[in-house]
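Enquirer: Supplied structure: protein14.txt, compact mmCIF, C-alpha atoms.
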```txt
# COMPACT_ATOMS: atom_id res chain seq x y z
CA MET Z 20 -1.53 -17.10 1.56
CA GLN Z 21 -0.03 -14.28 3.56
CA THR Z 22 -1.68 -13.62 6.87
CA LEU Z 23 -4.29 -10.90 7.32
CA ALA Z 24 -3.59 -10.65 11.02
CA THR Z 25 -1.87 -7.24 11.02
CA GLY Z 26 -4.43 -5.43 8.92
CA PHE Z 27 -7.44 -7.00 10.58
CA ALA Z 28 -6.05 -6.43 14.05
CA ARG Z 29 -5.72 -2.70 13.35
CA ALA Z 30 -9.26 -2.60 12.03
CA ARG Z 31 -10.73 -4.07 15.24
CA SER Z 32 -10.93 -0.58 16.76
CA LEU Z 33 -13.71 0.37 14.34
CA SER Z 34 -17.07 1.59 15.63
CA THR Z 35 -19.96 -0.81 15.12
CA HIS Z 36 -22.57 0.67 12.83
CA PRO Z 37 -24.92 -1.43 10.67
CA ALA Z 38 -23.84 -1.95 7.10
CA THR Z 39 -26.02 -0.47 4.38
CA ALA Z 40 -27.59 -2.90 1.93
CA PRO Z 41 -26.49 -2.48 -1.70
CA ALA Z 42 -28.89 -0.98 -4.20
CA PRO Z 43 -30.62 -3.63 -6.31
CA ALA Z 44 -29.61 -3.91 -9.93
CA ASP Z 45 -32.24 -2.39 -12.21
CA ALA Z 46 -30.96 -3.19 -15.68
CA GLN Z 47 -30.68 -6.49 -17.48
CA VAL Z 48 -28.46 -7.60 -20.31
CA ALA Z 49 -28.77 -10.42 -22.76
CA PRO Z 50 -26.86 -13.62 -21.97
CA PRO Z 51 -23.26 -13.37 -23.19
CA ALA Z 52 -22.66 -14.51 -26.73
CA ALA Z 53 -19.98 -17.03 -27.62
CA ALA Z 54 -16.60 -15.71 -26.57
CA THR Z 55 -14.04 -14.55 -29.07
CA PRO Z 56 -10.43 -15.28 -28.22
CA SER Z 57 -8.24 -12.39 -27.20
CA ASP Z 58 -6.50 -10.88 -30.22
CA GLY Z 59 -3.37 -10.31 -28.18
CA ARG Z 60 -3.29 -6.55 -28.83
CA GLU Z 61 -2.09 -4.26 -26.09
CA LEU Z 62 -4.44 -1.47 -25.04
CA ASP Z 63 -2.41 1.58 -26.12
CA ILE Z 64 -3.16 4.19 -23.45
CA GLY Z 65 -1.40 6.93 -25.39
CA ALA Z 66 -3.78 6.48 -28.34
CA LEU Z 67 -7.00 6.71 -26.32
CA SER Z 68 -9.47 9.58 -26.36
CA ARG Z 69 -8.83 12.07 -23.56
CA ILE Z 70 -11.68 13.45 -21.51
CA GLU Z 71 -11.76 16.85 -19.85
CA LEU Z 72 -12.49 16.73 -16.13
CA ASP Z 73 -13.68 19.56 -13.91
CA PRO Z 74 -11.11 20.16 -11.13
CA ARG Z 75 -13.85 21.47 -8.85
CA THR Z 76 -15.85 18.27 -9.28
CA LEU Z 77 -12.77 16.17 -8.58
CA SER Z 78 -11.96 18.18 -5.45
CA HIS Z 79 -15.54 17.95 -4.24
CA ASN Z 80 -15.49 14.18 -4.75
CA ARG Z 81 -12.12 13.88 -2.92
CA VAL Z 82 -10.25 12.71 -5.99
CA ILE Z 83 -6.53 13.42 -5.59
CA VAL Z 84 -5.56 16.34 -7.85
CA ASP Z 85 -2.95 18.05 -5.65
CA GLU Z 86 0.15 15.95 -5.04
CA LEU Z 87 1.15 18.09 -2.03
CA THR Z 88 -1.80 17.19 0.20
CA PRO Z 89 -1.59 14.76 3.16
CA ALA Z 90 -4.06 12.47 1.39
CA SER Z 91 -1.81 12.32 -1.66
CA ALA Z 92 1.16 11.45 0.55
CA ALA Z 93 -0.84 8.63 2.14
CA TYR Z 94 -1.75 7.23 -1.27
CA LYS Z 95 1.89 7.42 -2.37
CA MET Z 96 2.83 5.32 0.63
CA LEU Z 97 0.04 2.87 -0.18
CA ARG Z 98 1.18 2.81 -3.82
CA THR Z 99 4.75 1.98 -2.86
CA ARG Z 100 3.73 -0.85 -0.56
CA VAL Z 101 1.31 -2.31 -3.11
CA LEU Z 102 3.84 -2.07 -5.94
CA GLN Z 103 6.54 -3.71 -3.84
CA ARG Z 104 4.27 -6.63 -3.00
CA MET Z 105 3.02 -7.05 -6.56
CA ARG Z 106 6.42 -6.74 -8.25
CA ARG Z 107 7.98 -9.18 -5.79
CA ASN Z 108 5.35 -11.79 -6.65
CA GLY Z 109 5.07 -11.05 -10.36
CA TRP Z 110 1.47 -9.87 -9.99
CA THR Z 111 -0.11 -7.42 -12.44
CA THR Z 112 -3.81 -7.39 -11.54
CA ILE Z 113 -5.47 -6.33 -8.29
CA ALA Z 114 -9.09 -6.10 -7.17
CA VAL Z 115 -10.20 -3.43 -4.69
CA THR Z 116 -13.18 -4.41 -2.57
CA GLY Z 117 -14.77 -3.79 0.82
CA THR Z 118 -16.95 -5.65 3.26
CA CYS Z 119 -20.09 -3.53 2.79
CA VAL Z 120 -21.20 -0.40 0.97
CA GLY Z 121 -20.10 3.04 2.11
CA GLU Z 122 -16.50 2.20 3.01
CA GLY Z 123 -14.90 4.18 0.18
CA LYS Z 124 -13.50 1.29 -1.85
CA SER Z 125 -14.26 2.94 -5.24
CA LEU Z 126 -12.58 6.21 -4.28
CA THR Z 127 -9.64 4.22 -2.93
CA ALA Z 128 -9.37 2.32 -6.23
CA LEU Z 129 -9.46 5.59 -8.20
CA ASN Z 130 -6.94 7.49 -6.09
CA LEU Z 131 -4.62 4.49 -5.89
CA SER Z 132 -4.75 4.16 -9.69
CA ILE Z 133 -3.89 7.85 -10.14
CA SER Z 134 -0.98 7.51 -7.74
CA LEU Z 135 0.23 4.35 -9.49
CA ALA Z 136 0.12 6.05 -12.89
CA ARG Z 137 2.27 8.89 -11.58
CA ASN Z 138 4.99 6.37 -10.83
CA VAL Z 139 7.46 6.48 -13.72
CA GLY Z 140 7.57 3.17 -15.57
CA THR Z 141 4.06 2.12 -14.54
CA SER Z 142 1.00 2.20 -16.78
CA VAL Z 143 -2.41 1.63 -15.23
CA VAL Z 144 -5.84 0.51 -16.37
CA LEU Z 145 -8.68 1.08 -13.90
CA ALA Z 146 -11.88 -0.85 -14.62
CA ASP Z 147 -15.23 -0.31 -12.89
CA VAL Z 148 -16.59 -3.84 -12.67
CA ASP Z 149 -18.93 -3.10 -9.79
CA PHE Z 150 -21.88 -4.04 -11.96
CA ARG Z 151 -24.29 -3.72 -9.05
CA LYS Z 152 -23.51 -0.13 -8.08
CA PRO Z 153 -21.01 1.51 -10.45
CA SER Z 154 -19.71 4.85 -9.20
CA LEU Z 155 -16.37 5.75 -10.79
CA TYR Z 156 -18.09 7.82 -13.48
CA ARG Z 157 -19.72 9.91 -10.76
CA HIS Z 158 -16.43 10.40 -8.92
CA LEU Z 159 -14.90 11.68 -12.16
CA GLY Z 160 -17.97 13.69 -13.13
CA VAL Z 161 -18.35 12.13 -16.59
CA TRP Z 162 -20.94 10.00 -18.35
CA PRO Z 163 -19.29 7.53 -20.72
CA ARG Z 164 -20.52 7.09 -24.27
CA TYR Z 165 -19.65 3.40 -24.06
CA GLY Z 166 -19.41 1.23 -20.97
CA ILE Z 167 -17.80 -2.09 -20.15
CA GLY Z 168 -21.16 -3.76 -20.70
CA ASP Z 169 -21.05 -2.61 -24.33
CA PHE Z 170 -17.75 -4.40 -24.85
CA LEU Z 171 -18.99 -7.56 -23.15
CA ARG Z 172 -22.02 -7.63 -25.48
CA GLY Z 173 -19.85 -7.00 -28.55
CA ALA Z 174 -21.43 -3.57 -29.12
CA ALA Z 175 -18.19 -1.56 -28.87
CA PRO Z 176 -14.47 -2.29 -29.19
CA LEU Z 177 -12.29 -1.96 -26.12
CA GLU Z 178 -10.57 1.11 -27.57
CA HIS Z 179 -13.92 2.95 -27.57
CA VAL Z 180 -14.72 1.96 -24.00
CA ALA Z 181 -11.36 2.97 -22.50
CA VAL Z 182 -10.60 6.67 -22.07
CA CYS Z 183 -7.75 8.70 -20.61
CA PRO Z 184 -8.86 11.01 -17.77
CA GLY Z 185 -6.04 13.48 -18.24
CA VAL Z 186 -3.43 11.57 -16.22
CA ASP Z 187 -0.50 10.24 -18.21
CA ARG Z 188 -0.26 6.44 -18.35
CA LEU Z 189 -3.78 5.99 -16.93
CA ALA Z 190 -6.83 4.56 -18.71
CA VAL Z 191 -10.26 4.03 -17.20
CA LEU Z 192 -13.06 1.71 -18.27
CA LEU Z 193 -16.32 3.05 -16.91
CA ASN Z 194 -19.86 1.80 -16.50
CA ASP Z 195 -22.90 3.94 -15.71
CA ARG Z 196 -25.67 1.41 -15.07
CA PRO Z 197 -26.19 -1.72 -12.97
CA PHE Z 198 -26.77 -5.21 -14.34
CA SER Z 199 -28.91 -7.90 -12.75
CA ARG Z 200 -26.74 -10.79 -14.01
CA SER Z 201 -23.53 -9.29 -12.69
CA SER Z 202 -21.78 -12.39 -11.37
CA GLU Z 203 -22.41 -14.24 -14.65
CA MET Z 204 -20.92 -11.30 -16.57
CA LEU Z 205 -17.85 -11.22 -14.35
CA ALA Z 206 -17.23 -14.93 -14.90
CA SER Z 207 -17.94 -14.83 -18.65
CA PRO Z 208 -15.42 -15.61 -21.42
CA GLN Z 209 -15.84 -12.03 -22.65
CA MET Z 210 -14.63 -10.73 -19.29
CA GLU Z 211 -11.67 -13.08 -19.43
CA ASN Z 212 -10.91 -11.63 -22.87
CA LEU Z 213 -11.05 -8.11 -21.45
CA VAL Z 214 -8.70 -8.99 -18.59
CA GLN Z 215 -6.20 -10.58 -20.95
CA ARG Z 216 -6.22 -7.47 -23.17
CA VAL Z 217 -5.86 -4.79 -20.52
CA LYS Z 218 -3.01 -6.43 -18.64
CA LEU Z 219 -0.74 -6.41 -21.70
CA GLY Z 220 1.86 -3.66 -21.66
CA GLU Z 221 5.23 -2.72 -20.22
CA GLY Z 222 4.95 -2.02 -16.50
CA ARG Z 223 1.17 -2.51 -16.65
CA ILE Z 224 -0.92 -2.72 -13.48
CA VAL Z 225 -4.68 -3.30 -13.74
CA VAL Z 226 -6.98 -2.21 -10.90
CA PHE Z 227 -10.52 -3.58 -10.75
CA ASP Z 228 -13.18 -1.89 -8.63
CA LEU Z 229 -15.36 -4.76 -7.34
CA PRO Z 230 -18.54 -4.90 -5.23
CA PRO Z 231 -18.14 -5.47 -1.48
CA VAL Z 232 -17.31 -9.08 -0.72
CA LEU Z 233 -20.29 -9.52 1.63
CA ALA Z 234 -22.82 -7.86 -0.67
CA SER Z 235 -22.94 -10.58 -3.34
CA ASP Z 236 -20.98 -13.41 -4.93
CA ASP Z 237 -19.50 -11.04 -7.56
CA MET Z 238 -16.14 -10.63 -5.85
CA LEU Z 239 -15.67 -14.38 -5.40
CA ALA Z 240 -16.79 -15.03 -8.99
CA PHE Z 241 -14.13 -12.63 -10.26
CA CYS Z 242 -11.28 -13.73 -7.96
CA PRO Z 243 -9.84 -16.28 -10.42
CA GLN Z 244 -9.24 -13.42 -12.87
CA VAL Z 245 -6.93 -11.40 -10.58
CA ASP Z 246 -3.65 -11.95 -8.79
CA ALA Z 247 -4.41 -10.11 -5.56
CA VAL Z 248 -7.02 -8.23 -3.53
CA LEU Z 249 -6.91 -5.00 -1.51
CA LEU Z 250 -9.58 -4.80 1.19
CA VAL Z 251 -11.02 -1.44 2.26
CA VAL Z 252 -12.77 -0.90 5.60
CA ALA Z 253 -13.95 2.30 7.28
CA GLN Z 254 -14.06 3.53 10.84
CA GLY Z 255 -17.63 4.13 11.91
CA THR Z 256 -19.04 2.02 9.09
CA THR Z 257 -17.47 -1.43 9.10
CA ARG Z 258 -18.55 -3.83 11.85
CA GLN Z 259 -16.21 -6.33 13.47
CA ALA Z 260 -18.55 -9.13 12.37
CA ASP Z 261 -18.16 -7.96 8.76
CA ILE Z 262 -14.37 -8.01 9.03
CA ASP Z 263 -14.43 -11.54 10.43
CA ALA Z 264 -16.78 -12.72 7.67
CA ALA Z 265 -14.65 -11.12 4.96
CA ARG Z 266 -11.53 -12.69 6.43
CA GLU Z 267 -13.15 -16.11 6.22
CA LEU Z 268 -14.26 -15.63 2.61
CA LEU Z 269 -10.85 -14.36 1.50
CA GLN Z 270 -8.76 -16.97 3.28
CA ASN Z 271 -7.63 -18.54 -0.02
CA VAL Z 272 -6.99 -15.25 -1.81
CA ASN Z 273 -3.77 -13.21 -2.05
CA VAL Z 274 -4.75 -10.20 0.06
CA VAL Z 275 -2.03 -7.56 -0.24
CA GLY Z 276 -3.40 -5.47 2.60
CA VAL Z 277 -6.21 -3.73 4.44
CA VAL Z 278 -6.90 -0.01 4.06
CA LEU Z 279 -8.68 1.75 6.91
CA ASN Z 280 -10.52 4.86 5.74
CA ARG Z 281 -11.63 7.75 7.96
CA SER Z 282 -9.41 6.80 10.86
CA SER Z 283 -9.51 9.37 13.69
CA ALA Z 284 -6.17 8.12 15.05
CA ASN Z 285 -4.01 9.45 12.20
CA VAL Z 286 -3.12 12.87 10.88
CA THR Z 287 -3.82 11.77 7.31
CA PRO Z 288 -7.33 10.88 6.11
CA TYR Z 289 -6.30 7.33 5.27
CA TYR Z 290 -4.55 4.58 7.14
CA TYR Z 291 -2.88 1.79 5.25
CA GLY Z 292 -2.35 -1.50 7.03
CA LEU Z 293 -0.64 -3.82 4.61
CA THR Z 294 -0.29 -7.36 5.84
CA HIS Z 295 3.02 -9.13 6.27
```
Written as structure tokens, that's how I'd like the structure from this file.

Expert:
Amino acid sequence: MQTLATGFARARSLSTHPATAPAPADAQVAPPAAATPSDGRELDIGALSRIELDPRTLSHNRVIVDELTPASAAYKMLRTRVLQRMRRNGWTTIAVTGTCVGEGKSLTALNLSISLARNVGTSVVLADVDFRKPSLYRHLGVWPRYGIGDFLRGAAPLEHVAVCPGVDRLAVLLNDRPFSRSSEMLASPQMENLVQRVKLGEGRIVVFDLPPVLASDDMLAFCPQVDAVLLVVAQGTTRQADIDAARELLQNVNVVGVVLNRSSANVTPYYYGLTH
């Protein structure tokens, strides 16, 4: 595994503020039914339903809509570094996680996915599999008719769960409620089926928004399904002890880099610290 030393060393300048505990899951689902094998069909992004988004809501939620902003430039740099690392290793799936809540990992996953989709030759599927505290639907300002949980229970086909948020070559799979048996769902055969489906496609990159690695066992339960992990930390939120604990837990995982949000030492709102 490639060392985390560079990214973690940069993050050591963070202020030490207590991490916020994640909200408890308040919805339950039935145990997964017997898995059905993947039918081998590619998720055709061009054929998906398109949803209309409010630009004011996106701007308010700090979703990248203007490609000329400093934040957009920072995400383009992050995109290039991530793509280089993934293409070099033949990776197609990446999980975005943090150490604790409030570090901006979901917004990072969303903006990175938008930037990736704007890269010619790359198609992207972004899946909200933070079953403890889903938030991508709120960032986009939409309430999905079907969520990932509906697909996992066999209540809706994948094509009805996935939607196009108005960005070419980008599909999102949303979820608007928490589940109490989240780690079991993430490790289920149905989830494996979903992963196999969404990663099919020319130039396809799949981004999974996962719960913070220290908040539960969800991230570790899902790790076997992905090729690599991007860790997000935040100045003024992430504690050094959290970084050290996350580093220990992820020592056997392909970590492509560490993103430092809200850094006061840079002119752009985001600092990327990809490991070497």

Enquirer: Can you measure atom CA of Z:Asp236 to atom CA of Z:Arg200 for me? One decimal in Å is fine.

Expert: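 Atom-to-atom, atom CA of Z:Asp236 to atom CA of Z:Arg200, that is 11.1 Å.
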
Enquirer: Please produce, as a tab-separated table, a per-residue contact table for stretch 147-224 of chain Z versus stretch 68-79 of chain Z (criterion: any atom at most 6 Å away, only C-alpha atoms considered), showing the nearest atom pair and its distance in Å to one decimal, sorted by chain then residue number.

Expert:
```
residue	atom	partner	partner_atom	distance
Z:Val182	CA	Z:Ser68	CA	5.3
Z:Cys183	CA	Z:Arg69	CA	4.6
Z:Pro184	CA	Z:Ile70	CA	5.3
```

Enquirer: For Z:Asp187, which residue among Z:Ala66, Z:Val148, Z:Val278, Z:Arg157 is the nearest when counting all atoms listed in the file?

Expert: Z:Ala66

Enquirer: So which one's closest to Z:Val225, Z:Ala240, Z:Leu192, Z:Ala206, Z:Cys119? Using all atoms listed in the file, please.

Expert: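 Distance minimum relative to Z:Val225 lands on Z:Leu192.
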
Enquirer: Please compute the atom CA of Z:Leu219-atom CA of Z:Met204 distance, one decimal, in Å.

Expert: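 These two atoms are separated by 21.4 Å.
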
Enquirer: What's around stretch 94-107 of chain Z at 6 Å? Count only C-alpha atoms, leave out sequence neighbours fewer than 3 positions away in its own chain, and write the answer as JSON, numbers by chain.

Expert: {"Z": [91, 110, 135]}

Enquirer: So that I have them on file, write out the residues from the current selection with C-alpha atoms, as an mmCIF file, keeping the file's coordinate frame.

Expert:
```cif
data_model
loop_
_atom_site.group_PDB
_atom_site.id
_atom_site.type_symbol
_atom_site.label_atom_id
_atom_site.label_comp_id
_atom_site.auth_asym_id
_atom_site.auth_seq_id
_atom_site.Cartn_x
_atom_site.Cartn_y
_atom_site.Cartn_z
ATOM 1 C CA SER Z 91 -1.810 12.320 -1.660
ATOM 2 C CA TRP Z 110 1.470 -9.870 -9.990
ATOM 3 C CA LEU Z 135 0.230 4.350 -9.490
#
```

Enquirer: From the set Z:Glu203, Z:Glu211, Z:Glu61, Z:Asp147, which residue has the shortest atom-to-atom contact distance to Z:Gln244, counting only C-alpha atoms?

Expert: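 When distances to Z:Gln244 are compared using only C-alpha atoms, the smallest one comes from Z:Glu211.
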
Enquirer: With only C-alpha atoms as the basis for distance, which of Z:Pro153, Z:Gly160, Z:Pro230, Z:Gly276 is at the shortest distance from Z:Cys242?

Expert: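 Among the listed residues, Z:Pro230 lies closest to Z:Cys242.
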
Enquirer: For the atom pair atom CA of Z:Thr116 and atom CA of Z:Leu249, what is the interatomic distance in Å to one decimal place?

Expert: 6.4 Å

Enquirer: Leaving out Z:Glu122 and any residue of its chain fewer than 5 positions from it, which residues lie within 7 Å of it when counting only C-alpha atoms, given as a VMD selection string?

Expert: chain Z and resid 117 251 to 253 256

Enquirer: What's around Z:Asp237 at 8 Å? Count only C-alpha atoms, leave out sequence neighbours fewer than 3 positions away in its own chain, and write the answer as a list in words.

Expert: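 The contact residues come out as Ser201, Ser202, Leu205, Leu229, Pro230, Val232, Ala240 and Phe241 of chain Z.
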
Enquirer: Compile the contact shell of Z:Leu193 as a ChimeraX atom specification: residues with an atom at most 7 Å away, counting only C-alpha atoms, same-chain residues fewer than 2 positions apart removed.

Expert: /Z:146-147,155-156,163,166-167,191,195
